[in-house]
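*Asks:* Just one file: start_16.cif, with mmCIF, N, CA and C atoms.
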```
data_upload
loop_
_atom_site.label_atom_id
_atom_site.label_comp_id
_atom_site.auth_asym_id
_atom_site.auth_seq_id
_atom_site.Cartn_x
_atom_site.Cartn_y
_atom_site.Cartn_z
N MET A 6 10.53 8.61 -30.43
CA MET A 6 9.46 9.12 -31.31
C MET A 6 8.08 8.78 -30.72
N LEU A 7 7.89 7.44 -30.46
CA LEU A 7 6.62 6.99 -29.89
C LEU A 7 6.44 7.55 -28.46
N LEU A 8 7.53 7.56 -27.73
CA LEU A 8 7.51 8.06 -26.36
C LEU A 8 7.07 9.52 -26.33
N LYS A 9 7.57 10.26 -27.28
CA LYS A 9 7.24 11.68 -27.38
C LYS A 9 5.74 11.86 -27.66
N LEU A 10 5.27 11.01 -28.54
CA LEU A 10 3.84 11.06 -28.90
C LEU A 10 2.96 10.80 -27.68
N PHE A 11 3.34 9.76 -26.88
CA PHE A 11 2.56 9.44 -25.69
C PHE A 11 2.60 10.59 -24.69
N ARG A 12 3.77 11.20 -24.59
CA ARG A 12 3.90 12.30 -23.64
C ARG A 12 2.96 13.45 -24.03
N ILE A 13 2.90 13.74 -25.29
CA ILE A 13 2.02 14.81 -25.77
C ILE A 13 0.55 14.45 -25.50
N LEU A 14 0.24 13.17 -25.76
CA LEU A 14 -1.14 12.72 -25.52
C LEU A 14 -1.52 12.84 -24.05
N ASN A 15 -0.59 12.44 -23.17
CA ASN A 15 -0.86 12.49 -21.74
C ASN A 15 -1.02 13.91 -21.21
N GLU A 16 -0.31 14.82 -21.83
CA GLU A 16 -0.41 16.21 -21.36
C GLU A 16 -1.80 16.79 -21.57
N LYS A 17 -2.49 16.25 -22.56
CA LYS A 17 -3.83 16.78 -22.86
C LYS A 17 -4.89 16.24 -21.90
N LYS A 18 -4.57 15.14 -21.22
CA LYS A 18 -5.54 14.55 -20.29
C LYS A 18 -5.69 15.45 -19.06
N PRO A 19 -6.90 15.47 -18.49
CA PRO A 19 -7.06 16.27 -17.27
C PRO A 19 -6.26 15.66 -16.13
N GLN A 20 -5.60 16.50 -15.39
CA GLN A 20 -4.78 16.01 -14.28
C GLN A 20 -5.65 15.76 -13.05
N LEU A 21 -5.49 14.58 -12.45
CA LEU A 21 -6.27 14.27 -11.24
C LEU A 21 -5.56 14.85 -10.02
N ARG A 22 -6.39 15.40 -9.16
CA ARG A 22 -5.81 15.95 -7.94
C ARG A 22 -5.61 14.81 -6.96
N GLU A 23 -4.45 14.76 -6.35
CA GLU A 23 -4.20 13.68 -5.40
C GLU A 23 -4.46 14.14 -3.97
N PHE A 24 -5.17 13.29 -3.25
CA PHE A 24 -5.44 13.61 -1.86
C PHE A 24 -4.48 12.83 -0.96
N ASP A 25 -4.23 13.38 0.22
CA ASP A 25 -3.41 12.63 1.17
C ASP A 25 -4.27 11.55 1.83
N PRO A 26 -3.67 10.50 2.39
CA PRO A 26 -4.44 9.37 2.96
C PRO A 26 -5.47 9.79 4.00
N THR A 27 -5.15 10.79 4.82
CA THR A 27 -6.09 11.23 5.86
C THR A 27 -7.37 11.77 5.22
N THR A 28 -7.21 12.57 4.16
CA THR A 28 -8.39 13.12 3.49
C THR A 28 -9.21 12.01 2.84
N ILE A 29 -8.52 11.07 2.22
CA ILE A 29 -9.23 9.95 1.58
C ILE A 29 -10.04 9.18 2.62
N GLN A 30 -9.41 8.94 3.78
CA GLN A 30 -10.09 8.24 4.86
C GLN A 30 -11.33 9.01 5.30
N ARG A 31 -11.19 10.33 5.41
CA ARG A 31 -12.31 11.18 5.84
C ARG A 31 -13.45 11.12 4.82
N ILE A 32 -13.10 11.12 3.54
CA ILE A 32 -14.11 11.04 2.48
C ILE A 32 -14.86 9.72 2.58
N ARG A 33 -14.11 8.65 2.83
CA ARG A 33 -14.75 7.33 2.95
C ARG A 33 -15.68 7.29 4.16
N GLU A 34 -15.23 7.90 5.26
CA GLU A 34 -16.09 7.94 6.45
C GLU A 34 -17.38 8.69 6.16
N GLY A 35 -17.26 9.78 5.40
CA GLY A 35 -18.45 10.54 5.02
C GLY A 35 -19.40 9.72 4.17
N ALA A 36 -18.83 8.93 3.25
CA ALA A 36 -19.66 8.09 2.38
C ALA A 36 -20.40 7.04 3.19
N TYR A 37 -19.70 6.42 4.15
CA TYR A 37 -20.35 5.44 5.01
C TYR A 37 -21.48 6.10 5.80
N LEU A 38 -21.19 7.30 6.27
CA LEU A 38 -22.16 8.03 7.10
C LEU A 38 -23.44 8.31 6.32
N THR A 39 -23.33 8.80 5.08
CA THR A 39 -24.54 9.09 4.29
C THR A 39 -25.34 7.81 4.05
N LYS A 40 -24.62 6.72 3.80
CA LYS A 40 -25.30 5.44 3.57
C LYS A 40 -26.06 5.01 4.83
N LEU A 41 -25.39 5.13 5.99
CA LEU A 41 -26.02 4.72 7.24
C LEU A 41 -27.24 5.59 7.56
N ILE A 42 -27.12 6.90 7.28
CA ILE A 42 -28.26 7.80 7.54
C ILE A 42 -29.46 7.35 6.71
N ALA A 43 -29.22 7.11 5.42
CA ALA A 43 -30.32 6.71 4.52
C ALA A 43 -30.95 5.40 4.99
N GLU A 44 -30.12 4.42 5.32
CA GLU A 44 -30.65 3.11 5.73
C GLU A 44 -31.46 3.22 7.02
N THR A 45 -30.95 4.02 7.97
CA THR A 45 -31.66 4.17 9.24
C THR A 45 -33.01 4.86 9.04
N GLN A 46 -33.04 5.85 8.14
CA GLN A 46 -34.31 6.53 7.88
C GLN A 46 -35.31 5.60 7.22
N VAL A 47 -34.84 4.77 6.30
CA VAL A 47 -35.73 3.80 5.65
C VAL A 47 -36.28 2.82 6.68
N ALA A 48 -35.42 2.35 7.60
CA ALA A 48 -35.86 1.43 8.64
C ALA A 48 -36.92 2.09 9.53
N ALA A 49 -36.73 3.38 9.82
CA ALA A 49 -37.70 4.10 10.66
C ALA A 49 -39.05 4.17 9.95
N ARG A 50 -39.03 4.43 8.66
CA ARG A 50 -40.28 4.50 7.89
C ARG A 50 -40.97 3.13 7.84
N LYS A 51 -40.17 2.10 7.72
CA LYS A 51 -40.70 0.74 7.72
C LYS A 51 -41.40 0.44 9.04
N CYS A 52 -40.75 0.84 10.15
CA CYS A 52 -41.34 0.60 11.47
C CYS A 52 -42.65 1.36 11.62
N GLU A 53 -42.71 2.59 11.09
CA GLU A 53 -43.95 3.35 11.18
C GLU A 53 -45.07 2.67 10.40
N PHE A 54 -44.71 2.16 9.22
CA PHE A 54 -45.70 1.43 8.41
C PHE A 54 -46.18 0.18 9.15
N PHE A 55 -45.24 -0.57 9.73
CA PHE A 55 -45.58 -1.79 10.46
C PHE A 55 -46.46 -1.47 11.66
N ALA A 56 -46.16 -0.36 12.34
CA ALA A 56 -46.96 0.03 13.51
C ALA A 56 -48.40 0.31 13.08
N GLY A 57 -48.57 0.94 11.92
CA GLY A 57 -49.92 1.22 11.43
C GLY A 57 -50.64 -0.04 10.99
N ASN A 58 -49.88 -1.06 10.61
CA ASN A 58 -50.43 -2.29 10.06
C ASN A 58 -50.74 -3.33 11.14
N ALA A 59 -50.13 -3.17 12.34
CA ALA A 59 -50.22 -4.20 13.37
C ALA A 59 -51.62 -4.29 13.96
N VAL A 60 -52.02 -5.51 14.29
CA VAL A 60 -53.33 -5.74 14.90
C VAL A 60 -53.18 -5.71 16.42
N ASP A 61 -52.18 -6.44 16.92
CA ASP A 61 -51.92 -6.53 18.35
C ASP A 61 -51.35 -5.21 18.89
N ALA A 62 -51.89 -4.77 20.03
CA ALA A 62 -51.44 -3.50 20.60
C ALA A 62 -49.98 -3.55 21.05
N GLU A 63 -49.58 -4.71 21.56
CA GLU A 63 -48.20 -4.87 22.05
C GLU A 63 -47.20 -4.73 20.89
N VAL A 64 -47.55 -5.36 19.75
CA VAL A 64 -46.68 -5.29 18.57
C VAL A 64 -46.63 -3.85 18.06
N ARG A 65 -47.80 -3.17 18.07
CA ARG A 65 -47.85 -1.79 17.58
C ARG A 65 -46.95 -0.88 18.41
N THR A 66 -47.05 -0.99 19.75
CA THR A 66 -46.20 -0.13 20.59
C THR A 66 -44.72 -0.46 20.41
N ALA A 67 -44.42 -1.75 20.23
CA ALA A 67 -43.01 -2.13 20.01
C ALA A 67 -42.47 -1.46 18.76
N PHE A 68 -43.27 -1.46 17.68
CA PHE A 68 -42.81 -0.84 16.44
C PHE A 68 -42.76 0.69 16.55
N GLU A 69 -43.71 1.25 17.29
CA GLU A 69 -43.68 2.71 17.48
C GLU A 69 -42.42 3.14 18.23
N GLU A 70 -42.11 2.41 19.29
CA GLU A 70 -40.90 2.71 20.08
C GLU A 70 -39.65 2.57 19.21
N GLU A 71 -39.65 1.53 18.39
CA GLU A 71 -38.50 1.26 17.53
C GLU A 71 -38.32 2.39 16.51
N ALA A 72 -39.43 2.87 15.95
CA ALA A 72 -39.37 3.96 14.97
C ALA A 72 -38.77 5.21 15.62
N LYS A 73 -39.19 5.45 16.88
CA LYS A 73 -38.67 6.63 17.59
C LYS A 73 -37.16 6.51 17.81
N LEU A 74 -36.73 5.30 18.22
CA LEU A 74 -35.29 5.05 18.43
C LEU A 74 -34.49 5.27 17.14
N LEU A 75 -35.06 4.77 16.03
CA LEU A 75 -34.35 4.87 14.75
C LEU A 75 -34.26 6.32 14.29
N ARG A 76 -35.34 7.09 14.53
CA ARG A 76 -35.32 8.51 14.16
C ARG A 76 -34.22 9.24 14.95
N GLU A 77 -34.13 8.91 16.26
CA GLU A 77 -33.09 9.52 17.09
C GLU A 77 -31.70 9.16 16.58
N GLY A 78 -31.53 7.88 16.23
CA GLY A 78 -30.24 7.42 15.70
C GLY A 78 -29.87 8.15 14.42
N ALA A 79 -30.85 8.27 13.52
CA ALA A 79 -30.60 8.97 12.25
C ALA A 79 -30.25 10.43 12.50
N ARG A 80 -30.92 11.04 13.51
CA ARG A 80 -30.65 12.44 13.82
C ARG A 80 -29.23 12.63 14.33
N SER A 81 -28.79 11.72 15.22
CA SER A 81 -27.42 11.89 15.74
C SER A 81 -26.38 11.68 14.65
N LEU A 82 -26.64 10.76 13.72
CA LEU A 82 -25.72 10.56 12.59
C LEU A 82 -25.70 11.81 11.70
N GLN A 83 -26.90 12.35 11.48
CA GLN A 83 -27.05 13.56 10.65
C GLN A 83 -26.28 14.73 11.27
N GLN A 84 -26.41 14.87 12.60
CA GLN A 84 -25.71 15.95 13.30
C GLN A 84 -24.20 15.81 13.14
N TYR A 85 -23.72 14.58 13.27
CA TYR A 85 -22.28 14.35 13.12
C TYR A 85 -21.85 14.70 11.71
N TYR A 86 -22.68 14.31 10.73
CA TYR A 86 -22.33 14.57 9.32
C TYR A 86 -22.28 16.07 9.05
N GLU A 87 -23.25 16.80 9.61
CA GLU A 87 -23.27 18.26 9.41
C GLU A 87 -22.05 18.90 10.04
N ALA A 88 -21.68 18.46 11.26
CA ALA A 88 -20.51 19.01 11.94
C ALA A 88 -19.24 18.72 11.13
N MET A 89 -19.23 17.55 10.49
CA MET A 89 -18.07 17.12 9.72
C MET A 89 -17.91 17.95 8.44
N THR A 90 -19.04 18.26 7.80
CA THR A 90 -18.97 18.99 6.53
C THR A 90 -18.79 20.49 6.75
N LEU A 91 -19.10 20.96 7.97
CA LEU A 91 -18.94 22.40 8.27
C LEU A 91 -17.48 22.80 8.38
N GLU A 92 -16.68 21.92 9.02
CA GLU A 92 -15.31 22.29 9.34
C GLU A 92 -14.46 22.56 8.08
N MET B 8 -51.39 -6.13 -0.34
CA MET B 8 -50.85 -7.24 0.45
C MET B 8 -50.88 -6.91 1.93
N LYS B 9 -51.42 -7.84 2.67
CA LYS B 9 -51.56 -7.61 4.11
C LYS B 9 -50.62 -8.54 4.87
N PHE B 10 -49.79 -7.93 5.73
CA PHE B 10 -48.86 -8.75 6.52
C PHE B 10 -49.50 -9.06 7.87
N SER B 11 -49.25 -10.26 8.36
CA SER B 11 -49.70 -10.57 9.71
C SER B 11 -48.67 -10.02 10.69
N ASP B 12 -49.06 -9.93 11.95
CA ASP B 12 -48.14 -9.42 12.97
C ASP B 12 -46.86 -10.23 13.02
N MET B 13 -47.02 -11.56 12.90
CA MET B 13 -45.83 -12.42 12.98
C MET B 13 -44.90 -12.20 11.79
N ASP B 14 -45.49 -11.99 10.59
CA ASP B 14 -44.66 -11.68 9.41
C ASP B 14 -43.80 -10.46 9.68
N MET B 15 -44.43 -9.43 10.21
CA MET B 15 -43.72 -8.16 10.45
C MET B 15 -42.65 -8.32 11.51
N LEU B 16 -42.99 -9.07 12.57
CA LEU B 16 -42.01 -9.28 13.64
C LEU B 16 -40.80 -10.05 13.12
N GLN B 17 -41.06 -11.10 12.37
CA GLN B 17 -39.96 -11.91 11.83
C GLN B 17 -39.09 -11.07 10.90
N ASP B 18 -39.75 -10.30 10.04
CA ASP B 18 -39.03 -9.46 9.08
C ASP B 18 -38.16 -8.43 9.79
N TYR B 19 -38.75 -7.79 10.80
CA TYR B 19 -37.99 -6.75 11.47
C TYR B 19 -36.88 -7.33 12.35
N GLU B 20 -37.12 -8.51 12.91
CA GLU B 20 -36.06 -9.15 13.72
C GLU B 20 -34.85 -9.43 12.84
N LYS B 21 -35.10 -9.86 11.61
CA LYS B 21 -34.02 -10.13 10.65
C LYS B 21 -33.30 -8.82 10.29
N ASP B 22 -34.10 -7.76 10.10
CA ASP B 22 -33.50 -6.45 9.80
C ASP B 22 -32.54 -6.00 10.90
N CYS B 23 -32.97 -6.17 12.15
CA CYS B 23 -32.14 -5.77 13.30
C CYS B 23 -30.84 -6.56 13.33
N ARG B 24 -30.97 -7.85 13.04
CA ARG B 24 -29.80 -8.72 13.01
C ARG B 24 -28.79 -8.21 11.97
N MET B 25 -29.31 -7.91 10.78
CA MET B 25 -28.46 -7.42 9.68
C MET B 25 -27.86 -6.05 10.05
N ALA B 26 -28.66 -5.20 10.68
CA ALA B 26 -28.19 -3.86 11.05
C ALA B 26 -27.04 -3.97 12.05
N ALA B 27 -27.19 -4.88 13.03
CA ALA B 27 -26.13 -5.05 14.03
C ALA B 27 -24.84 -5.50 13.36
N ILE B 28 -24.95 -6.41 12.40
CA ILE B 28 -23.76 -6.88 11.68
C ILE B 28 -23.15 -5.74 10.86
N ALA B 29 -24.00 -5.02 10.14
CA ALA B 29 -23.52 -3.95 9.26
C ALA B 29 -22.83 -2.84 10.05
N TYR B 30 -23.45 -2.42 11.16
CA TYR B 30 -22.85 -1.36 11.99
C TYR B 30 -21.48 -1.81 12.52
N THR B 31 -21.43 -3.06 12.97
CA THR B 31 -20.16 -3.57 13.52
C THR B 31 -19.08 -3.62 12.45
N LEU B 32 -19.49 -3.98 11.25
CA LEU B 32 -18.54 -4.04 10.13
C LEU B 32 -18.04 -2.64 9.78
N VAL B 33 -18.96 -1.68 9.76
CA VAL B 33 -18.59 -0.31 9.40
C VAL B 33 -17.64 0.28 10.45
N VAL B 34 -17.86 -0.06 11.72
CA VAL B 34 -16.99 0.46 12.79
C VAL B 34 -15.52 0.15 12.51
N THR B 35 -15.28 -1.06 11.96
CA THR B 35 -13.89 -1.45 11.69
C THR B 35 -13.25 -0.61 10.58
N GLU B 36 -14.09 0.05 9.76
CA GLU B 36 -13.56 0.86 8.66
C GLU B 36 -13.36 2.31 9.04
N ILE B 37 -13.85 2.67 10.24
CA ILE B 37 -13.80 4.06 10.68
C ILE B 37 -12.58 4.27 11.57
N LEU B 38 -11.92 5.42 11.41
CA LEU B 38 -10.77 5.71 12.27
C LEU B 38 -11.04 6.84 13.26
N ASP B 39 -11.97 7.73 12.88
CA ASP B 39 -12.27 8.85 13.77
C ASP B 39 -12.89 8.34 15.07
N PRO B 40 -12.29 8.66 16.24
CA PRO B 40 -12.76 8.06 17.51
C PRO B 40 -14.21 8.40 17.85
N ASP B 41 -14.62 9.65 17.59
CA ASP B 41 -16.00 10.04 17.93
C ASP B 41 -17.02 9.26 17.09
N LEU B 42 -16.72 9.18 15.80
CA LEU B 42 -17.64 8.47 14.90
C LEU B 42 -17.67 6.98 15.21
N ARG B 43 -16.49 6.45 15.58
CA ARG B 43 -16.39 5.05 15.98
C ARG B 43 -17.30 4.76 17.18
N LYS B 44 -17.24 5.70 18.15
CA LYS B 44 -18.05 5.53 19.35
C LYS B 44 -19.54 5.58 19.01
N LEU B 45 -19.90 6.55 18.16
CA LEU B 45 -21.31 6.74 17.78
C LEU B 45 -21.86 5.50 17.08
N ILE B 46 -21.12 5.00 16.11
CA ILE B 46 -21.59 3.84 15.36
C ILE B 46 -21.58 2.58 16.23
N GLY B 47 -20.60 2.51 17.15
CA GLY B 47 -20.58 1.40 18.11
C GLY B 47 -21.83 1.37 18.98
N THR B 48 -22.26 2.56 19.42
CA THR B 48 -23.49 2.64 20.22
C THR B 48 -24.69 2.18 19.41
N LEU B 49 -24.72 2.59 18.13
CA LEU B 49 -25.84 2.19 17.28
C LEU B 49 -25.84 0.67 17.05
N ALA B 50 -24.64 0.08 16.94
CA ALA B 50 -24.55 -1.38 16.78
C ALA B 50 -25.13 -2.08 18.01
N GLN B 51 -24.76 -1.55 19.19
CA GLN B 51 -25.30 -2.13 20.43
C GLN B 51 -26.81 -2.01 20.49
N SER B 52 -27.31 -0.84 20.07
CA SER B 52 -28.75 -0.62 20.16
C SER B 52 -29.49 -1.51 19.16
N ALA B 53 -28.88 -1.77 17.99
CA ALA B 53 -29.49 -2.70 17.02
C ALA B 53 -29.54 -4.11 17.60
N ALA B 54 -28.45 -4.51 18.30
CA ALA B 54 -28.42 -5.85 18.91
C ALA B 54 -29.48 -5.95 20.01
N ARG B 55 -29.66 -4.85 20.76
CA ARG B 55 -30.69 -4.84 21.82
C ARG B 55 -32.09 -4.99 21.21
N SER B 56 -32.33 -4.27 20.09
CA SER B 56 -33.63 -4.37 19.42
C SER B 56 -33.87 -5.78 18.91
N GLN B 57 -32.82 -6.38 18.39
CA GLN B 57 -32.95 -7.75 17.88
C GLN B 57 -33.38 -8.69 19.00
N GLU B 58 -32.74 -8.51 20.17
CA GLU B 58 -33.07 -9.33 21.33
C GLU B 58 -34.54 -9.14 21.73
N LYS B 59 -34.95 -7.87 21.75
CA LYS B 59 -36.31 -7.53 22.15
C LYS B 59 -37.34 -8.17 21.22
N PHE B 60 -37.09 -8.06 19.90
CA PHE B 60 -38.04 -8.61 18.95
C PHE B 60 -38.00 -10.14 18.93
N ALA B 61 -36.82 -10.73 19.14
CA ALA B 61 -36.72 -12.18 19.21
C ALA B 61 -37.54 -12.70 20.39
N ASN B 62 -37.45 -12.01 21.54
CA ASN B 62 -38.23 -12.42 22.71
C ASN B 62 -39.73 -12.28 22.46
N LEU B 63 -40.09 -11.20 21.73
CA LEU B 63 -41.50 -10.97 21.42
C LEU B 63 -42.04 -12.10 20.53
N ILE B 64 -41.23 -12.51 19.57
CA ILE B 64 -41.62 -13.61 18.66
C ILE B 64 -41.82 -14.90 19.46
N LEU B 65 -40.88 -15.18 20.37
CA LEU B 65 -40.99 -16.38 21.20
C LEU B 65 -42.25 -16.35 22.05
N ARG B 66 -42.54 -15.14 22.58
CA ARG B 66 -43.72 -15.00 23.44
C ARG B 66 -45.01 -15.20 22.64
N LYS B 67 -44.98 -14.83 21.36
CA LYS B 67 -46.18 -14.99 20.52
C LYS B 67 -46.30 -16.41 19.96
N GLY B 68 -45.36 -17.28 20.35
CA GLY B 68 -45.51 -18.69 19.99
C GLY B 68 -44.81 -19.13 18.73
N ASP B 69 -43.82 -18.34 18.29
CA ASP B 69 -43.04 -18.78 17.12
C ASP B 69 -41.56 -18.72 17.48
N ARG B 70 -40.72 -19.03 16.48
CA ARG B 70 -39.29 -19.08 16.73
C ARG B 70 -38.60 -18.12 15.76
N PRO B 71 -37.68 -17.25 16.26
CA PRO B 71 -37.02 -16.31 15.33
C PRO B 71 -36.06 -17.03 14.38
#
```
Go ahead and render the structure in this file as structure tokens.
*Replies:*
Amino acid sequence: MLLKLFRILNEKKPQLREFDPTTIQRIREGAYLTKLIAETQVAARKCEFFAGNAVDAEVRTAFEEEAKLLREGARSLQQYYEAMTLE
Amino acid sequence: MKFSDMDMLQDYEKDCRMAAIAYTLVVTEILDPDLRKLIGTLAQSAARSQEKFANLILRKGDRP
């Protein structure tokens, strides 16, 4: 009696789609990738701000170079992410 | 708020250190070989930046 009731209740719940482990792994990789892209872009913006704030010319160029490197890194991650979501 | 050059160098050196650790940790969670290689390169480049900024701090008369 009770078992029947639970079965009826469960039937009304939305059914979750199950993914295979490979797909789950791919989704996790995508999540890591978006996080890394965001963090790298924030770091690049920080470097640009620091470069504008620096008094010493040597420190300013170091931060400018670093910002450029970080932008390149973010771009390559972005490209990989786009290639991944296209397929 | 105005940061001095040394404040910024110290702060960014710490950021690079954390980035190198984070990238290395993420690599272990990735299985795709291409992505593994890409993130591995970024981890190396973060470690290189950390070294560069640590040397700059030492040259400016402080300790990282």
*Asks:* I need the contact residues of chain A against chain B, so if you could list those with any atom within 6.5 Å, counting all atoms listed in the file, and return them as an NGL selection string, that would help.
*Replies:* :A and (34 or 59-61)
*Asks:* How far is it from atom N of A:Arg50 to atom CA of A:Ala72, in Å with one decimal?
*Replies:*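 These two atoms are separated by 6.3 Å.
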*Asks:* If we count all atoms listed in the file and set the cut-off at 7 Å, which residues sit around A:Leu75, ignoring sequence neighbours fewer than 4 positions away in its own chain? Please answer as a PyMOL selection string.
*Replies:* chain A and resi 45-46+48-49+70-71+79-80
*Asks:* What does the distance from atom C of B:Asp69 to atom C of B:Thr31 come to in Å, to one decimal?
*Replies:*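 Computing the Euclidean distance for atom C of B:Asp69 and atom C of B:Thr31 yields 27.5 Å.
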*Asks:* Between atom CA of A:Gly78 and atom N of B:Asp18, what is the spacing in Å?
*Replies:*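 Interatomic distance, atom N of B:Asp18 to atom CA of A:Gly78: 20.9 Å.
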*Asks:* For A:Gly35, which residue among A:Phe68, A:Phe54, A:Phe11, A:Tyr86 is the nearest when counting only C-alpha atoms?
*Replies:*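 So, comparing all the options, the nearest one is A:Tyr86.
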*Asks:* Starting from 8 Å padding per side, set up an axis-aligned box that covers all listed atoms of stretch 56-70 of chain B and hand over centre and edge lengths in Å, one decimal, as AutoDock Vina command-line options.
*Replies:*
```
--center_x -39.3 --center_y -11.7 --center_z 19.6 --size_x 30.0 --size_y 30.9 --size_z 23.7
```
*Asks:* Once DSSP has gone over the backbone, tell me which residues of chain B are in helix (DSSP H, G or I), as an NGL selection string.
*Replies:* :B and (12-36 or 40-66)
*Asks:* Could you please fill out stretch 39-46 of chain B with all heavy atoms and send it back as a JSON list (two decimals), keeping the file's coordinate frame?
*Replies:*
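For reference, part37.json as written:
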```json
[["chain", "number", "residue", "atom", "x", "y", "z"],
["B", 39, "ASP", "N", -11.97, 7.73, 12.88],
["B", 39, "ASP", "CA", -12.27, 8.85, 13.77],
["B", 39, "ASP", "C", -12.89, 8.34, 15.07],
["B", 39, "ASP", "O", -13.89, 7.63, 15.05],
["B", 39, "ASP", "CB", -13.26, 9.79, 13.06],
["B", 39, "ASP", "CG", -13.57, 10.99, 13.91],
["B", 39, "ASP", "OD1", -12.72, 11.89, 13.97],
["B", 39, "ASP", "OD2", -14.66, 11.03, 14.52],
["B", 40, "PRO", "N", -12.29, 8.66, 16.24],
["B", 40, "PRO", "CA", -12.76, 8.06, 17.51],
["B", 40, "PRO", "C", -14.21, 8.40, 17.85],
["B", 40, "PRO", "O", -14.93, 7.53, 18.34],
["B", 40, "PRO", "CB", -11.79, 8.62, 18.55],
["B", 40, "PRO", "CG", -11.02, 9.69, 17.89],
["B", 40, "PRO", "CD", -11.08, 9.46, 16.42],
["B", 41, "ASP", "N", -14.62, 9.65, 17.59],
["B", 41, "ASP", "CA", -16.00, 10.04, 17.93],
["B", 41, "ASP", "C", -17.02, 9.26, 17.09],
["B", 41, "ASP", "O", -18.01, 8.74, 17.61],
["B", 41, "ASP", "CB", -16.21, 11.54, 17.70],
["B", 41, "ASP", "CG", -15.50, 12.36, 18.75],
["B", 41, "ASP", "OD1", -15.21, 11.81, 19.83],
["B", 41, "ASP", "OD2", -15.20, 13.54, 18.48],
["B", 42, "LEU", "N", -16.72, 9.18, 15.80],
["B", 42, "LEU", "CA", -17.64, 8.47, 14.90],
["B", 42, "LEU", "C", -17.67, 6.98, 15.21],
["B", 42, "LEU", "O", -18.72, 6.33, 15.18],
["B", 42, "LEU", "CB", -17.21, 8.69, 13.44],
["B", 42, "LEU", "CG", -18.18, 8.22, 12.36],
["B", 42, "LEU", "CD1", -19.55, 8.83, 12.56],
["B", 42, "LEU", "CD2", -17.66, 8.56, 10.98],
["B", 43, "ARG", "N", -16.49, 6.45, 15.58],
["B", 43, "ARG", "CA", -16.39, 5.05, 15.98],
["B", 43, "ARG", "C", -17.30, 4.76, 17.18],
["B", 43, "ARG", "O", -18.02, 3.77, 17.21],
["B", 43, "ARG", "CB", -14.95, 4.76, 16.37],
["B", 43, "ARG", "CG", -14.31, 3.61, 15.63],
["B", 43, "ARG", "CD", -12.92, 3.42, 16.14],
["B", 43, "ARG", "NE", -12.69, 2.00, 16.36],
["B", 43, "ARG", "CZ", -12.20, 1.19, 15.44],
["B", 43, "ARG", "NH1", -11.86, 1.63, 14.26],
["B", 43, "ARG", "NH2", -12.02, -0.08, 15.69],
["B", 44, "LYS", "N", -17.24, 5.70, 18.15],
["B", 44, "LYS", "CA", -18.05, 5.53, 19.35],
["B", 44, "LYS", "C", -19.54, 5.58, 19.01],
["B", 44, "LYS", "O", -20.34, 4.77, 19.47],
["B", 44, "LYS", "CB", -17.70, 6.63, 20.36],
["B", 44, "LYS", "CG", -17.89, 6.19, 21.80],
["B", 44, "LYS", "CD", -17.62, 7.33, 22.76],
["B", 44, "LYS", "CE", -16.15, 7.67, 22.88],
["B", 44, "LYS", "NZ", -15.92, 8.93, 23.61],
["B", 45, "LEU", "N", -19.90, 6.55, 18.16],
["B", 45, "LEU", "CA", -21.31, 6.74, 17.78],
["B", 45, "LEU", "C", -21.86, 5.50, 17.08],
["B", 45, "LEU", "O", -22.94, 5.00, 17.43],
["B", 45, "LEU", "CB", -21.42, 7.98, 16.87],
["B", 45, "LEU", "CG", -22.80, 8.31, 16.31],
["B", 45, "LEU", "CD1", -23.79, 8.59, 17.42],
["B", 45, "LEU", "CD2", -22.72, 9.52, 15.39],
["B", 46, "ILE", "N", -21.12, 5.00, 16.11],
["B", 46, "ILE", "CA", -21.59, 3.84, 15.36],
["B", 46, "ILE", "C", -21.58, 2.58, 16.23],
["B", 46, "ILE", "O", -22.46, 1.74, 16.12],
["B", 46, "ILE", "CB", -20.80, 3.67, 14.05],
["B", 46, "ILE", "CG1", -21.06, 4.88, 13.15],
["B", 46, "ILE", "CG2", -21.20, 2.40, 13.31],
["B", 46, "ILE", "CD1", -20.28, 4.92, 11.89]]
```
